[in-house]
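**Q** One structure coming up, written as structure tokens, with questions to follow.
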Amino acid sequence: MSSSTGTVYRVTTFGESHGPGIGVVIDGCPANFELDLENIQHELKRRRPGQSKLTTPRNEPDEFEILSGFYNGKTLGTSLAFFVRNTDMKSTDYDRWSDVYRPSHADFTYHAKYTHRTPHGGGRASVRESIARVIAGSVAGQILKKELNLETIAWVDSVGNIDADGFQEPPLDRNAVDESPVRCHNPNASRRMTELIEQVKKDGDSVGGTIGVIVNHVPPGLGDPVFDKLEADLAKACLSIPACKGFESGSGFSGTRLRGSQHNDPFYLKPDQAKSPIPSVQTPTNFSGGIQGGISNGMPILLRLAFKPTATIRKNQNTVNEKGEEVILKAGGRHDPCVLPRAVPIVESMVNMVLMDAYLRQRALQPEWYKLIQKDY
């Protein structure tokens, strides 16, 4: 099903941006886990609209309800269901172009596939659907943190032609990222990015960029050979995020400019690990981005994602309508001039969902693996 993802940690989302609300059903969440509900709400707050002058002014509290799978502060092991009500829809903003195919939106493709669509706010293609992803990602992140000490940190690494070079000195925690309104931990780059986004907004235009990701304390052994490689699962998950158009792992495209002797990551043993059943090894470089053969190798996972400029802008654009007539569109409504600041928690959530699914699959495949990992990593 197109609205479901994962094998063991199975996530299904539902709802439209201008419908009653957005929801998610999570199957496979272990029982008896004490969920931090404040953490879930905090992650939704990081994603919510209206959080700064750089985002859409749509004002939604995005407060969640738990419908099932939870009792006395702990998960039951049955389906976890969450729901967030939409409270600040302005569907009339879309009425005057309800039959128009907005450039670079999903209007035409949804109409071509289903022959029927909602013209209000993009429906399932809206970034508002990502509320469900953030909830599922927060649940996954809490379990990964408690059981593996694993933590995913994303940041805005570039906006337009302004680069932060965040992989040279990745952020130490999310607080360092969230201190910036653009969610870039490099103060100089953050200031310039903010100025650019403000100018683009004033011009009635939009701008894209990239998001960097580092996942610390990843144990070796996550991911499966051939078709379920960890990189492949991460790529699919990240590219399913609205506006995400590119994915790199480790050195990515820049690695094509190196020779094998420069690009290879040599191994060395940690002290006193030579006789361990699974030797604890590290690499002085990390061009592989923590994944080799589609399986994590114990080094930090490194990713970079490309996000296009927001498709809705206030400039006149040529397009056509459902009758096949050429028209000029000048869109209204409330939209982000740059999606990147709000996309950071969405990216973290998708990465956590994939890693949670890989973790549960590995525990089922090799029960003894968990004991070894707990000891050595």
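Following the order of the structure tokens, first chain is A, next is B, and so on, with residues numbered from 1 inside each chain and ligands from 1 in the order they appear.
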Would you please extract all helix (DSSP H, G or I) residues from segment 152-217 of chain A, as assigned by DSSP on the backbone, and give them as a ChimeraX atom specification?

**A** /A:174-178,187-202

**Q** Once you count only C-alpha atoms, what closest atom pair and distance in Å to one decimal does each residue of segment 308-341 of chain A within 10 Å of segment 197-201 of chain A have, with rows by chain and rising residue number, as a tab-separated table?

**A**
residue	atom	partner	partner_atom	distance
A:Ile313	CA	A:Lys201	CA	8.9
A:Arg314	CA	A:Lys201	CA	9.1
A:His335	CA	A:Lys201	CA	9.7
A:Asp336	CA	A:Lys201	CA	8.3
A:Pro337	CA	A:Lys201	CA	5.4
A:Cys338	CA	A:Ile197	CA	6.6

**Q** Let's have the selection written as a PDB file, in the first residue's frame, with C-alpha atoms.

**A**
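selection.pdb, freshly written:
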ATOM      1  CA  ILE A 313       5.132  31.138  -5.342  1.00  0.00           C
ATOM      2  CA  ARG A 314       3.435  34.506  -5.747  1.00  0.00           C
ATOM      3  CA  HIS A 335       3.344  28.842   2.004  1.00  0.00           C
ATOM      4  CA  ASP A 336       6.970  28.438   3.041  1.00  0.00           C
ATOM      5  CA  PRO A 337       9.502  30.447   1.004  1.00  0.00           C
ATOM      6  CA  CYS A 338      11.958  27.657   1.914  1.00  0.00           C
TER       7      CYS A 338
END

**Q** Counting only C-alpha atoms, which of A:Pro61, A:Pro266, A:Gly252, A:Gly260 gets nearest to Arg48 of chain A?

**A**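 Under the stated criterion, the closest residue is A:Pro61.
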
**Q** Report, in Å with one decimal, the straight-line distance from atom CA of Pro341 of chain A to atom CA of Val156 of chain A.

**A** 6.8 Å

**Q** Find the nearest atom pair between each residue of segment 62-119 of chain A and segment 231-244 of chain A for residues within 12 Å, count only C-alpha atoms, give distances in Å to one decimal, sort rows by chain and ascending number, and present the table as JSON lines.

**A**
{"residue": "A:Ser104", "atom": "CA", "partner": "A:Ala243", "partner_atom": "CA", "distance": 9.8}
{"residue": "A:His105", "atom": "CA", "partner": "A:Ala243", "partner_atom": "CA", "distance": 9.6}
{"residue": "A:Ala106", "atom": "CA", "partner": "A:Pro242", "partner_atom": "CA", "distance": 10.2}

**Q** Restricting the calculation to only C-alpha atoms: of A:Ile143, A:Ser261, A:Asn32, A:Arg46, which residue gets closest to Asn175 of chain A?

**A** A:Arg46

**Q** Using only C-alpha atoms for the distances, tell me which of A:Leu360, A:Asp36, A:Glu195, A:Asn264 is nearest to Ser138 of chain A.

**A**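 Among A:Leu360, A:Asp36, A:Glu195, A:Asn264, it is A:Asp36 that comes nearest to Ser138 of chain A.
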
**Q** With a distance cut-off of 7 Å and only C-alpha atoms, select the neighbouring residues of segment 25-30 of chain A, excluding the residue or stretch itself and same-chain residues fewer than 3 positions from it, and output the selection as a list in words.

**A**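 Once the nearby chain positions are removed, what remains is Val8, Tyr9, Arg10, Val11, Thr12, Thr13, Phe33, Gly77, Thr78, Ser79, Leu80, Ala81, Phe82 and Ala136 of chain A.
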
**Q** Considering only strand (DSSP E) as DSSP defines it on the backbone, what residues of segment 131-354 of chain A qualify? List them as a short mmCIF file (atom, residue, chain, number, x, y, z; two decimals) with N, CA and C atoms, in the first residue's frame.

**A**
data_model
loop_
_atom_site.label_atom_id
_atom_site.label_comp_id
_atom_site.auth_asym_id
_atom_site.auth_seq_id
_atom_site.Cartn_x
_atom_site.Cartn_y
_atom_site.Cartn_z
N GLU A 151 21.37 8.17 17.97
CA GLU A 151 20.74 9.48 17.83
C GLU A 151 20.95 10.03 16.43
N THR A 152 19.87 10.49 15.85
CA THR A 152 19.90 11.09 14.51
C THR A 152 19.81 12.60 14.62
N ILE A 153 20.75 13.30 14.00
CA ILE A 153 20.76 14.77 14.01
C ILE A 153 20.83 15.27 12.58
N ALA A 154 19.88 16.08 12.20
CA ALA A 154 19.87 16.69 10.86
C ALA A 154 20.00 18.20 11.00
N TRP A 155 20.47 18.84 9.94
CA TRP A 155 20.62 20.29 9.94
C TRP A 155 20.55 20.80 8.50
N VAL A 156 20.27 22.08 8.36
CA VAL A 156 20.28 22.71 7.03
C VAL A 156 21.73 22.98 6.66
N ASP A 157 22.19 22.33 5.59
CA ASP A 157 23.60 22.44 5.21
C ASP A 157 23.82 23.45 4.09
N SER A 158 22.78 23.77 3.35
CA SER A 158 22.90 24.82 2.34
C SER A 158 21.51 25.35 2.00
N VAL A 159 21.48 26.63 1.62
CA VAL A 159 20.28 27.27 1.08
C VAL A 159 20.73 28.06 -0.13
N ILE A 162 24.48 29.24 -0.64
CA ILE A 162 25.16 29.45 0.65
C ILE A 162 25.37 28.10 1.32
N ASP A 163 26.63 27.74 1.55
CA ASP A 163 26.98 26.44 2.13
C ASP A 163 27.47 26.60 3.56
N GLY A 209 17.62 23.87 -1.18
CA GLY A 209 18.91 23.67 -0.55
C GLY A 209 19.10 22.22 -0.16
N THR A 210 19.99 21.99 0.79
CA THR A 210 20.29 20.62 1.21
C THR A 210 20.21 20.49 2.73
N ILE A 211 19.94 19.27 3.18
CA ILE A 211 19.94 18.93 4.60
C ILE A 211 20.98 17.84 4.83
N GLY A 212 21.83 18.05 5.82
CA GLY A 212 22.81 17.06 6.21
C GLY A 212 22.29 16.23 7.36
N VAL A 213 22.75 14.98 7.44
CA VAL A 213 22.32 14.07 8.50
C VAL A 213 23.52 13.29 9.03
N ILE A 214 23.62 13.18 10.34
CA ILE A 214 24.59 12.29 10.97
C ILE A 214 23.85 11.44 12.00
N VAL A 215 24.09 10.14 11.98
CA VAL A 215 23.50 9.23 12.96
C VAL A 215 24.64 8.64 13.78
N ASN A 216 24.68 8.96 15.06
CA ASN A 216 25.75 8.51 15.94
C ASN A 216 25.37 7.23 16.69
N CYS A 244 11.71 16.55 -1.58
CA CYS A 244 13.05 15.95 -1.60
C CYS A 244 13.32 15.37 -2.99
N LYS A 245 14.41 15.82 -3.62
CA LYS A 245 14.70 15.42 -5.00
C LYS A 245 16.05 14.74 -5.17
N GLY A 246 16.83 14.62 -4.10
CA GLY A 246 18.15 14.00 -4.24
C GLY A 246 18.62 13.39 -2.94
N PHE A 247 19.45 12.32 -3.06
CA PHE A 247 19.93 11.59 -1.89
C PHE A 247 21.38 11.20 -2.11
N GLU A 248 22.22 11.45 -1.10
CA GLU A 248 23.61 11.01 -1.12
C GLU A 248 23.93 10.31 0.20
N SER A 249 24.74 9.26 0.11
CA SER A 249 25.21 8.55 1.29
C SER A 249 26.73 8.61 1.32
N TYR A 268 40.74 -0.46 11.59
CA TYR A 268 41.68 -0.75 12.66
C TYR A 268 40.88 -1.22 13.88
N LEU A 269 41.49 -2.07 14.70
CA LEU A 269 40.82 -2.65 15.85
C LEU A 269 40.79 -1.67 17.03
N VAL A 281 35.61 -2.61 15.39
CA VAL A 281 36.55 -1.91 14.51
C VAL A 281 36.06 -0.50 14.22
N GLN A 282 36.97 0.32 13.77
CA GLN A 282 36.66 1.67 13.34
C GLN A 282 37.44 1.98 12.07
N ILE A 291 28.05 2.75 6.02
CA ILE A 291 27.33 1.62 5.41
C ILE A 291 28.21 0.99 4.34
N GLN A 292 28.38 -0.32 4.41
CA GLN A 292 29.14 -1.06 3.39
C GLN A 292 28.40 -2.35 3.05
N ILE A 295 24.98 -2.71 4.67
CA ILE A 295 24.88 -3.04 6.09
C ILE A 295 25.73 -2.04 6.88
N SER A 296 25.21 -1.59 8.02
CA SER A 296 25.95 -0.62 8.83
C SER A 296 27.24 -1.24 9.35
N ILE A 301 26.46 7.12 10.40
CA ILE A 301 25.83 7.19 9.09
C ILE A 301 25.77 8.65 8.66
N LEU A 302 26.20 8.93 7.43
CA LEU A 302 26.22 10.29 6.90
C LEU A 302 25.35 10.35 5.64
N LEU A 303 24.43 11.30 5.61
CA LEU A 303 23.53 11.47 4.47
C LEU A 303 23.44 12.94 4.10
N ARG A 304 23.15 13.20 2.84
CA ARG A 304 22.82 14.56 2.39
C ARG A 304 21.62 14.48 1.46
N LEU A 305 20.63 15.34 1.70
CA LEU A 305 19.40 15.33 0.92
C LEU A 305 19.19 16.67 0.24
N ALA A 306 18.72 16.63 -1.00
CA ALA A 306 18.46 17.84 -1.76
C ALA A 306 16.96 18.14 -1.77
N PHE A 307 16.59 19.38 -1.47
CA PHE A 307 15.19 19.81 -1.48
C PHE A 307 15.00 20.92 -2.50
N GLN A 317 2.64 32.52 -13.29
CA GLN A 317 3.20 31.35 -13.94
C GLN A 317 2.23 30.84 -15.02
N ASN A 318 2.79 30.43 -16.14
CA ASN A 318 1.98 29.86 -17.20
C ASN A 318 1.64 28.41 -16.90
N THR A 319 0.39 28.01 -17.12
CA THR A 319 -0.02 26.63 -16.90
C THR A 319 -1.29 26.35 -17.70
N VAL A 320 -1.94 25.24 -17.41
CA VAL A 320 -3.21 24.89 -18.07
C VAL A 320 -4.19 24.41 -17.01
N GLU A 326 -5.06 27.22 -21.72
CA GLU A 326 -3.88 27.87 -21.18
C GLU A 326 -4.31 29.02 -20.28
N VAL A 327 -3.73 29.08 -19.09
CA VAL A 327 -4.09 30.13 -18.13
C VAL A 327 -2.83 30.64 -17.45
N ILE A 328 -2.96 31.78 -16.79
CA ILE A 328 -1.87 32.33 -15.98
C ILE A 328 -2.28 32.21 -14.52
N LEU A 329 -1.43 31.59 -13.74
CA LEU A 329 -1.71 31.37 -12.32
C LEU A 329 -0.89 32.33 -11.47
#

**Q** Select, from A:Asp205, A:Glu169, A:Glu322, A:Asp62, the residue with the minimum atom-to-atom distance to Asp99 of chain A, counting only C-alpha atoms.

**A**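 That would be A:Glu322, the residue with the smallest distance to Asp99 of chain A.
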
**Q** Counting only C-alpha atoms, which residue out of A:Asn149, A:Thr285, A:Ser17, A:Thr87 sits closest to Thr118 of chain A?

**A** A:Ser17
